[in-house]
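Enquirer: Got a structure for you, target_18.csv, holding CSV, C-alpha atoms.
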```csv
chain,number,residue,atom,x,y,z
A,184,MET,CA,38.2,-11.6,8.2
A,185,ALA,CA,41.1,-10.2,6.2
A,186,SER,CA,42.4,-12.1,3.2
A,187,LEU,CA,46.1,-11.8,4.4
A,188,PHE,CA,47.1,-11.0,0.8
A,189,TYR,CA,48.4,-7.5,0.2
A,190,ASN,CA,49.6,-5.1,-2.5
A,191,ALA,CA,52.9,-3.3,-2.3
A,192,ALA,CA,51.4,-0.5,-0.2
A,193,GLY,CA,50.2,-3.1,2.4
A,194,GLN,CA,46.5,-2.9,1.6
A,195,ASP,CA,44.6,-6.2,2.1
A,196,PHE,CA,42.8,-7.6,-0.9
A,197,ASP,CA,39.5,-7.4,1.0
A,198,ASP,CA,39.9,-3.6,1.0
A,199,LEU,CA,41.0,-3.5,-2.6
A,200,PHE,CA,38.5,-5.9,-4.4
A,201,GLU,CA,34.7,-6.1,-4.3
A,202,PRO,CA,33.5,-9.1,-2.3
A,203,ASP,CA,31.3,-11.5,-4.2
A,204,PRO,CA,30.5,-15.1,-3.1
A,205,ASN,CA,29.9,-16.0,-6.7
A,206,GLY,CA,32.9,-14.3,-8.2
A,207,PRO,CA,35.8,-16.0,-10.1
A,208,VAL,CA,38.6,-17.7,-8.1
A,209,ALA,CA,42.3,-17.6,-8.7
A,210,ASP,CA,44.3,-20.9,-8.5
A,211,ASN,CA,46.4,-21.2,-5.3
A,212,PHE,CA,44.9,-18.2,-3.5
A,213,TYR,CA,43.1,-19.3,-0.4
A,214,ARG,CA,42.0,-17.8,2.9
A,215,ALA,CA,43.2,-19.1,6.2
A,216,ASP,CA,40.1,-21.3,6.6
A,217,GLY,CA,40.9,-23.0,3.2
A,218,SER,CA,38.2,-21.3,1.2
A,219,PRO,CA,39.3,-19.8,-2.2
A,220,LEU,CA,39.5,-16.0,-2.6
A,221,ARG,CA,36.5,-14.8,-4.5
A,222,TYR,CA,35.8,-11.2,-5.6
A,223,ALA,CA,33.6,-9.6,-8.2
A,224,SER,CA,34.4,-10.2,-11.8
A,225,LEU,CA,36.2,-7.2,-13.5
A,226,SER,CA,33.4,-7.3,-16.1
A,227,TYR,CA,31.0,-5.7,-13.5
A,228,GLY,CA,33.3,-2.9,-12.4
A,229,SER,CA,36.6,-1.1,-12.9
A,230,ARG,CA,40.2,-2.2,-12.7
A,231,ILE,CA,42.5,-1.0,-10.0
A,232,GLY,CA,46.3,-0.9,-10.1
A,233,ASP,CA,48.4,-4.1,-10.2
A,234,VAL,CA,48.7,-5.9,-6.9
A,235,ASN,CA,51.8,-7.8,-7.9
A,236,HIS,CA,50.2,-11.2,-7.4
A,237,TYR,CA,49.8,-13.3,-10.5
A,238,LEU,CA,47.8,-16.0,-12.2
A,239,SER,CA,49.5,-19.1,-13.6
A,240,ASP,CA,49.5,-17.4,-17.0
A,241,GLY,CA,51.3,-14.4,-15.7
A,242,ARG,CA,48.5,-11.9,-15.5
A,243,ASP,CA,48.1,-9.7,-12.4
A,244,LEU,CA,45.1,-10.6,-10.3
A,245,ALA,CA,43.8,-7.1,-10.9
A,246,SER,CA,43.0,-8.3,-14.4
A,247,ILE,CA,40.2,-10.6,-13.2
A,248,TRP,CA,38.7,-8.8,-10.1
A,249,ALA,CA,36.9,-5.5,-9.9
A,250,GLY,CA,37.9,-2.8,-7.5
A,251,ARG,CA,35.9,-2.3,-4.3
A,252,GLY,CA,33.1,0.2,-4.7
A,253,THR,CA,33.2,0.1,-8.6
A,254,VAL,CA,30.7,-2.7,-9.2
A,255,ALA,CA,27.2,-2.2,-10.5
A,256,TYR,CA,25.2,-5.5,-10.8
A,257,THR,CA,21.7,-4.1,-10.5
A,258,VAL,CA,19.7,-2.1,-13.0
A,259,GLY,CA,20.1,1.6,-12.9
A,260,SER,CA,16.7,2.4,-11.5
A,261,ILE,CA,13.1,1.1,-10.9
A,262,GLY,CA,10.3,3.6,-10.8
A,263,ASP,CA,7.4,3.7,-8.4
A,264,MET,CA,4.8,1.0,-9.1
A,265,GLY,CA,1.2,0.6,-8.2
A,266,SER,CA,-1.1,3.4,-6.8
A,267,TYR,CA,-2.0,4.8,-3.5
A,268,ASP,CA,-5.1,6.7,-4.7
A,269,ASN,CA,-6.6,4.3,-7.3
A,270,ILE,CA,-7.6,0.7,-6.9
A,271,VAL,CA,-4.9,-1.9,-7.5
A,272,ALA,CA,-6.9,-4.9,-6.4
A,273,TYR,CA,-10.6,-5.3,-5.4
A,274,ALA,CA,-13.1,-8.0,-4.6
A,275,PRO,CA,-16.9,-7.4,-4.9
A,276,SER,CA,-19.1,-8.5,-2.0
A,277,VAL,CA,-22.3,-10.6,-2.3
A,278,ASP,CA,-25.9,-9.9,-1.3
A,279,TRP,CA,-26.2,-12.7,1.2
A,280,TYR,CA,-24.4,-13.4,4.4
A,281,PRO,CA,-22.2,-14.6,5.9
A,282,ALA,CA,-19.8,-13.6,3.2
A,283,HIS,CA,-16.0,-13.4,3.3
A,284,CYS,CA,-13.9,-11.2,1.0
A,285,ARG,CA,-10.2,-10.8,0.8
A,286,THR,CA,-7.9,-8.7,-1.4
A,287,SER,CA,-4.2,-8.4,-1.3
A,288,CYS,CA,-1.2,-7.2,-3.3
A,289,ASP,CA,2.1,-9.0,-3.1
A,290,PHE,CA,5.4,-7.6,-4.1
A,291,ILE,CA,8.0,-10.4,-4.6
A,292,LEU,CA,11.7,-9.7,-4.8
A,293,ARG,CA,13.2,-12.9,-6.2
A,294,ARG,CA,16.6,-14.4,-5.5
A,295,ASN,CA,17.2,-14.7,-9.2
A,296,GLY,CA,17.2,-10.9,-9.7
A,297,THR,CA,13.6,-10.5,-10.9
A,298,TRP,CA,10.5,-9.0,-9.3
A,299,GLN,CA,6.7,-9.3,-9.6
A,300,PHE,CA,3.8,-7.2,-8.3
A,301,ILE,CA,0.7,-9.5,-8.1
A,302,GLN,CA,-2.9,-8.8,-7.1
A,303,TYR,CA,-5.1,-11.4,-5.4
A,304,SER,CA,-8.9,-11.1,-4.9
A,305,ARG,CA,-11.3,-13.6,-3.6
A,306,ASN,CA,-14.9,-13.7,-2.6
A,307,PHE,CA,-15.3,-16.9,-0.7
A,308,ARG,CA,-18.9,-17.3,-1.9
A,309,ALA,CA,-18.5,-16.4,-5.6
A,310,ARG,CA,-16.2,-16.7,-8.6
A,311,ALA,CA,-17.6,-13.7,-10.5
A,312,VAL,CA,-20.2,-11.0,-10.2
A,313,ARG,CA,-22.2,-8.9,-12.7
A,314,THR,CA,-23.4,-5.4,-12.0
A,315,ARG,CA,-26.7,-4.1,-13.1
A,316,SER,CA,-24.9,-2.0,-15.7
A,317,GLY,CA,-23.6,-5.2,-17.3
A,318,ALA,CA,-20.0,-5.1,-16.2
A,319,VAL,CA,-18.5,-8.4,-15.1
A,320,GLY,CA,-16.0,-8.5,-12.3
A,321,TYR,CA,-13.7,-11.6,-12.2
A,322,LEU,CA,-11.8,-12.6,-9.1
A,323,TYR,CA,-8.1,-13.7,-9.0
A,324,PRO,CA,-7.7,-16.2,-6.2
A,325,GLU,CA,-4.5,-17.5,-7.9
A,326,GLY,CA,-3.2,-14.0,-8.6
A,327,SER,CA,-2.9,-11.7,-11.5
A,328,VAL,CA,0.4,-10.1,-12.4
A,329,VAL,CA,0.1,-6.3,-12.3
A,330,ALA,CA,3.8,-5.6,-13.2
A,331,GLN,CA,7.1,-7.5,-13.4
A,332,GLY,CA,10.7,-6.9,-14.3
A,333,ASN,CA,14.4,-7.3,-13.3
A,334,TRP,CA,16.4,-5.8,-10.5
A,335,ALA,CA,19.5,-7.5,-11.7
A,336,GLN,CA,21.2,-6.6,-15.0
A,337,ASN,CA,21.8,-10.3,-15.7
A,338,PRO,CA,19.5,-12.4,-13.6
A,339,ARG,CA,20.6,-15.8,-12.5
A,340,GLY,CA,19.5,-18.4,-9.9
A,341,ASP,CA,21.8,-17.3,-7.0
A,342,PHE,CA,22.1,-13.6,-7.8
A,343,GLY,CA,20.5,-12.4,-4.6
A,344,ASP,CA,23.0,-14.3,-2.3
A,345,ALA,CA,25.2,-11.2,-2.0
A,346,TYR,CA,22.3,-8.8,-1.2
A,347,THR,CA,19.8,-7.9,1.6
A,348,VAL,CA,16.5,-6.0,1.4
A,349,ASP,CA,14.7,-3.6,3.6
A,350,PHE,CA,10.9,-3.3,3.3
A,351,VAL,CA,10.0,-0.1,5.1
A,352,GLN,CA,6.5,1.3,5.6
A,353,GLU,CA,6.1,4.9,4.5
A,354,ALA,CA,2.3,5.1,4.7
A,355,PHE,CA,-0.6,2.9,5.7
A,356,GLU,CA,-4.3,3.2,6.5
A,357,TRP,CA,-7.5,1.2,6.3
A,358,GLY,CA,-11.2,1.9,6.8
A,359,ARG,CA,-14.1,2.9,4.6
A,360,VAL,CA,-14.2,4.8,1.2
A,361,ASP,CA,-17.3,6.4,-0.3
A,362,TYR,CA,-18.0,6.7,-4.0
A,363,PRO,CA,-19.6,9.9,-5.0
A,364,GLY,CA,-22.8,9.7,-7.2
A,365,SER,CA,-21.3,12.0,-9.8
A,366,ALA,CA,-17.8,13.0,-10.8
A,367,GLY,CA,-15.7,13.8,-7.8
A,368,GLN,CA,-13.0,12.5,-5.4
A,369,LEU,CA,-13.4,9.3,-3.5
A,370,VAL,CA,-13.8,10.0,0.2
A,371,TYR,CA,-11.5,8.0,2.4
A,372,GLN,CA,-12.5,7.5,6.1
A,373,PRO,CA,-9.6,5.8,8.0
A,374,ASN,CA,-10.6,3.5,10.8
A,375,ASN,CA,-14.3,3.8,9.9
A,376,THR,CA,-16.2,0.7,8.7
A,377,ASN,CA,-20.0,0.0,8.8
A,378,SER,CA,-22.4,-2.0,10.9
A,379,LYS,CA,-22.7,-4.5,8.1
A,380,VAL,CA,-19.1,-5.5,8.2
A,381,ASP,CA,-17.4,-7.5,11.0
A,382,ASN,CA,-13.9,-8.6,11.6
A,383,LEU,CA,-12.4,-6.1,9.1
A,384,THR,CA,-8.6,-6.1,9.2
A,385,GLY,CA,-6.0,-4.3,7.2
A,386,SER,CA,-2.3,-5.0,7.4
A,387,ILE,CA,1.1,-5.1,5.7
A,388,GLU,CA,2.9,-8.5,6.2
A,389,GLY,CA,6.5,-9.2,5.6
A,390,LEU,CA,8.1,-5.8,6.6
A,391,GLY,CA,11.6,-5.8,7.9
A,392,THR,CA,15.2,-4.8,7.5
A,393,ASN,CA,18.4,-6.6,6.5
A,394,ILE,CA,16.5,-9.5,5.1
A,395,PRO,CA,18.9,-11.9,3.2
A,396,LEU,CA,18.0,-12.4,-0.4
A,397,TRP,CA,19.2,-16.0,-0.6
A,398,ASP,CA,15.5,-16.8,-1.0
A,399,ASP,CA,12.5,-15.0,-2.6
A,400,ARG,CA,11.2,-12.3,-0.3
A,401,VAL,CA,7.6,-10.8,-0.3
A,402,PHE,CA,5.6,-8.2,1.5
A,403,ARG,CA,1.8,-8.3,1.3
A,404,GLY,CA,-0.9,-5.7,1.8
A,405,VAL,CA,-4.0,-7.5,3.0
A,406,LEU,CA,-7.7,-6.5,3.4
A,407,ASP,CA,-9.8,-9.2,5.0
A,408,GLN,CA,-13.5,-8.9,6.1
A,409,ASN,CA,-16.6,-10.8,7.0
A,410,THR,CA,-20.0,-9.4,5.9
A,411,THR,CA,-22.6,-9.8,8.7
A,412,ALA,CA,-25.7,-8.3,7.2
A,413,ASN,CA,-27.6,-8.4,3.9
A,414,MET,CA,-26.2,-6.2,1.2
A,415,ASN,CA,-29.4,-5.5,-0.7
A,416,GLY,CA,-29.4,-1.9,0.7
A,417,GLN,CA,-26.0,-1.3,-0.9
A,418,ARG,CA,-27.1,-2.0,-4.5
A,419,ASP,CA,-27.7,1.7,-5.2
A,420,ARG,CA,-24.5,2.8,-7.1
A,421,ASN,CA,-25.0,6.3,-5.8
A,422,ALA,CA,-24.6,5.1,-2.3
A,423,GLY,CA,-21.7,2.8,-3.2
A,424,TRP,CA,-19.0,2.3,-0.7
A,425,SER,CA,-16.0,0.0,0.0
A,426,THR,CA,-13.7,-1.0,2.7
A,427,TYR,CA,-10.1,-0.4,1.8
A,428,ASN,CA,-6.5,-0.6,2.9
A,429,ARG,CA,-3.7,1.2,1.2
A,430,GLY,CA,0.0,1.7,1.8
A,431,ILE,CA,3.3,2.8,0.5
A,432,VAL,CA,6.4,0.6,1.1
A,433,ARG,CA,9.9,1.8,0.3
A,434,VAL,CA,12.3,-1.0,-0.9
A,435,TYR,CA,16.0,-0.7,-0.2
A,436,ILE,CA,18.2,-3.3,-1.9
A,437,LYS,CA,21.7,-3.4,-0.3
A,438,ARG,CA,25.0,-4.9,-1.0
A,439,ASN,CA,27.7,-5.0,1.7
A,440,GLY,CA,25.4,-2.8,3.8
A,441,ALA,CA,25.2,0.0,1.2
A,442,THR,CA,22.0,0.8,-0.7
A,443,VAL,CA,22.4,0.1,-4.4
A,444,LEU,CA,18.8,0.4,-5.5
A,445,THR,CA,15.6,1.9,-4.0
A,446,PHE,CA,12.1,2.4,-5.2
A,447,ARG,CA,8.5,2.5,-3.8
A,448,VAL,CA,5.6,0.1,-4.1
A,449,LEU,CA,2.1,1.6,-3.7
A,450,PHE,CA,-1.1,-0.4,-3.2
A,451,ASN,CA,-4.8,0.2,-2.7
A,452,ASN,CA,-7.0,-2.8,-2.0
A,453,GLN,CA,-10.8,-2.5,-1.8
A,454,ASN,CA,-13.8,-4.8,-1.1
A,455,ARG,CA,-16.7,-3.0,-2.9
A,456,PHE,CA,-20.4,-3.3,-2.1
A,457,ALA,CA,-22.1,-1.3,-4.9
A,458,ASP,CA,-24.5,-2.3,-7.6
A,459,ILE,CA,-24.2,-6.1,-7.5
A,460,ASP,CA,-26.8,-8.0,-9.5
A,461,VAL,CA,-25.8,-11.5,-10.3
A,462,VAL,CA,-23.4,-13.8,-8.5
A,463,THR,CA,-21.8,-16.9,-10.0
A,464,PRO,CA,-21.5,-19.2,-6.9
A,465,GLU,CA,-18.1,-20.6,-6.1
```
Could the structure of this file be written out as structure tokens, please?
Expert:
Amino acid sequence: MASLFYNAAGQDFDDLFEPDPNGPVADNFYRADGSPLRYASLSYGSRIGDVNHYLSDGRDLASIWAGRGTVAYTVGSIGDMGSYDNIVAYAPSVDWYPAHCRTSCDFILRRNGTWQFIQYSRNFRARAVRTRSGAVGYLYPEGSVVAQGNWAQNPRGDFGDAYTVDFVQEAFEWGRVDYPGSAGQLVYQPNNTNSKVDNLTGSIEGLGTNIPLWDDRVFRGVLDQNTTANMNGQRDRNAGWSTYNRGIVRVYIKRNGATVLTFRVLFNNQNRFADIDVVTPE
């Protein structure tokens, strides 16, 4: 809907100034529905020529509102985060059955202009495990922050109201991964599991486009499985293997339909079966 206010050249204010539902208002300037005109503050963009409409103190309205297409509210860039080839989150299995393991990685884009990348791992029969080599693996059922930061230059509670986000899958697979006995590359086997695992599922939840950011938005890579056979045969670290899912999601943050910030989130979740010695029951 046009503002029905124009400059001397007949251009509507909606074409001249950057829309912003949180921008400053000018006294006595209203739309036909009675709502006040609001555009982005000049502090976030560049000034255009005078529009010959004035504030009560005599200043032209161009002195408070930023020109359309000149605004930059978001940070300049966010680099890729996480990893497709190395473990981001993992949960060790247990030697008795039935056992249920779940790992996941959440990427949360918050309405207030911040973001977090969080790993979750849970073995539903244990809180922690110790390998025969002495290493202790702790689980994170409440989540452990891998990385966090801002996508807004100046975060505030309602910052996301003028934005949408696309979460777009670029790569995804799940299956079995083998650990070599000596130095070497992990061997990924998509869609391959093992007779000792049942109900293995891998997924990415929360994908979509044009998702309004008036609330926190999250996508989640999930690896879920039930163990249906005893794992004693998997204690040999040289025969170690895991189930896994991994993916790459491209994030597009948009304002007025135009992408203003894009980056990738990479995750690699694994439920590992090798070299387990002692389990602390849950």
Enquirer: Could you check the closest approach to Gly389 in chain A for each of A:Ser425, A:Asn409, A:Gln352, A:Asn333 and tell me which residue wins, using all atoms listed in the file?
Expert: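 Between A:Ser425, A:Asn409, A:Gln352, A:Asn333, the residue approaching Gly389 in chain A most closely is A:Gln352.
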Enquirer: When you look at Tyr222 in chain A with a cut-off of 10 Å (counting all atoms listed in the file), what residues show up, excluding the ones that are within fewer than 3 positions of it in the same chain? I need them as a list in words.
Expert: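 What passes the distance filter is Phe196, Asp197, Leu199, Phe200, Glu201, Pro202, Asp203, Pro204, Asn205, Gly206, Pro207, Val208, Ala209, Pro219, Leu225, Ile247, Trp248, Ala249, Gly250 and Arg251 of chain A.
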Enquirer: Provide the CA of Leu220 in chain A to CA of Asp341 in chain A distance in Å, to one decimal place.
Expert: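 If I compute the distance from CA of Leu220 in chain A to CA of Asp341 in chain A, I get 18.3 Å.
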Enquirer: Got a sec to check which residues sit within 7 Å of (15.0, -4.0, -0.7), counting only C-alpha atoms, and write them as a ChimeraX atom specification?
Expert: /A:347-350,434-437,445
Enquirer: Report the distance between CA of Asn454 in chain A and CA of Tyr427 in chain A in Å, rounded to one decimal place.
Expert: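 Separation of CA of Asn454 in chain A and CA of Tyr427 in chain A: 6.4 Å.
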Enquirer: One number please: CA of Val432 in chain A to CA of His283 in chain A, in Å, one decimal.
Expert: 26.5 Å
Enquirer: Between A:Thr442, A:Thr392, A:Asn235, A:Thr426, single out the one closest to Val360 in chain A, counting all atoms listed in the file.
Expert: A:Thr426
Enquirer: Which residues, written as a ChimeraX atom specification, have at least one atom at most 10 Å from Gln453 in chain A, with all atoms listed in the file counted and residues fewer than 5 positions away on the same chain left out?
Expert: /A:269-275,284-287,304,357-360,405-407,424-429
